[in-house]
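Working notes, beginning with the structure itself.
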Amino acid sequence: MSHNLRCIPTFSRKAFSHDLLCLHSFNSNKSHVNYGSQYLLSSTIAQEVPGPYHLPSTEPSAPPMELVDNGTGAERDGSRGCEKNSLLARVDLLSQGEHNDSTSQQNEWSIPPISEHEAREAFLEYAASKCCYRTAPAKHMVVQNLTACNAYRYRLKTFTENRETYPASEPYNGGFVDSPEVAEPPAPWEIEVDAPPLFTDCEMHFPVPHTYSVQGCPNCLGTGKAQCTRCTGSGKVFCSSCNGSGWQSVTTNSDTISGFCMFCGGAGRTRCLYCYGRGWLHCVRCNGRGLLLYHSELKIIWKNNSAEYVADNNCGFPIDRFHEVTGKEIFCDENVLVNPLRSFPEPEIVRGSESCIATHKMQFASKMRILRQKQTVELIPLARVEYEWKGKSNSFYIFGNEKKVYAKDYPAKCCCLVM
């Protein structure tokens, strides 16, 4: 779950200083997430994407291949099947240039394999959480094979700042007007504002100095009065007692007596209580003064944009389910602009980093400012469990640090009737 920061400033028009009040809120889905190669540029196009800035020519922010101790022969051959266990046993990375590489202190890139007991406990908890699943398969299954299919997830975060202005107005109550005649209004990017913490969503609004002007209110045409909507300016409404007929019928015993309406005196209309019979109200927009104080309002949006790429190891697990879990962070690089990975042992993650970085460059560099970028690589635990129950073979997956279970075909489901 990501945290969003809603910033509400207060200002003094003379000093143009502001106090920042930050209200925390939670957002379950704020950033766009891509899995696999969908929505991302190919590695060929990614290298040719133009942009207003160039990546710094520092060393690639990834571990050199010679520092990686691969676990099995299948991994050294580049196999991405279900036999792939954990790459990278012990690694000592050095920080590259000015990049903040937090993996330089991380020596262990392996994940302990899941045991049969852990698999059974996870499967039992999964079955117990489903109202229509019986727990018998989880209790009495015979585990035949446990296969590690650990996957890599690349994540890029780009922290951007965007500024735009829009007209705003308020009732004019007299006093000094900070118009362009006082001084030249500053451009949106010339106004100095303290940014929120990095990679935190925040939105701020405040008036632009020297953009004020006094104009007539368009709602009341400068009169300060607006027509009453309930009586349409007549000051009279239909009598609710006689429905505007002016007559009333009163039944006593078996006799019916008709006469003038006692409430409207036979007129069929009564005074509008909304405007007290005047037919008009004070204009809400200008507060009845007929004048508005216009100015330009600056809106600044800081946003944490995220893109993800998961290397598909072709073991039958839907990779879009990885967004539900976390993994073990094995690589982290943060800079103003990060470089694509170059020497990472998984080529698909290298291509994913190139695509993500080029996509963010194309989306944000020409429209807003990129303040900071951060790229990480996680090793997500994924194990395929093959089991037998009542003479039939089946399988399920356990994934993530949370040990969540994905079972496409559960063998013991009951029918639930919802009335």
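As shown in the structure tokens, the chain order sets the letters A, B, ...; within each chain, residues go from 1, and ligands are also counted from 1 in the order they appear.
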
Selection near region 401-417 of chain A, 9 Å with only C-alpha atoms, sequence-local residues under 5 positions removed, as a PyMOL selection string: chain A and resi 118-119+122-123+125-127+131-137+317+321+324-328+380-382+389+392+394-396

Residues of region 159-361 of chain A in strand (DSSP E), written as a PyMOL selection string: chain A and resi 159-171+202-207+213-216+225-227+236-238+247-252+255-260+269-271+280-282+291-310+328-335

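Minimum atom-to-atom distances from A:Pro112, A:Gln375, A:Glu346, A:Ser241 to Ala267 (chain A) were compared using only C-alpha atoms, and the lowest value belongs to A:Ser241.
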
Contact residues around Arg163 (chain A) with only C-alpha atoms at 12 Å, ignoring same-chain residues under 5 positions, as a list of chain:residue names: A:Ala187, A:Pro188, A:Trp189, A:Glu190, A:Ile191, A:Glu192, A:Val193, A:Glu203, A:Met204, A:His205, A:Phe206, A:Val208, A:Glu297, A:Leu298, A:Lys299, A:Ile300, A:Ile301, A:Trp302, A:Lys303, A:Lys367, A:Met368, A:Arg369
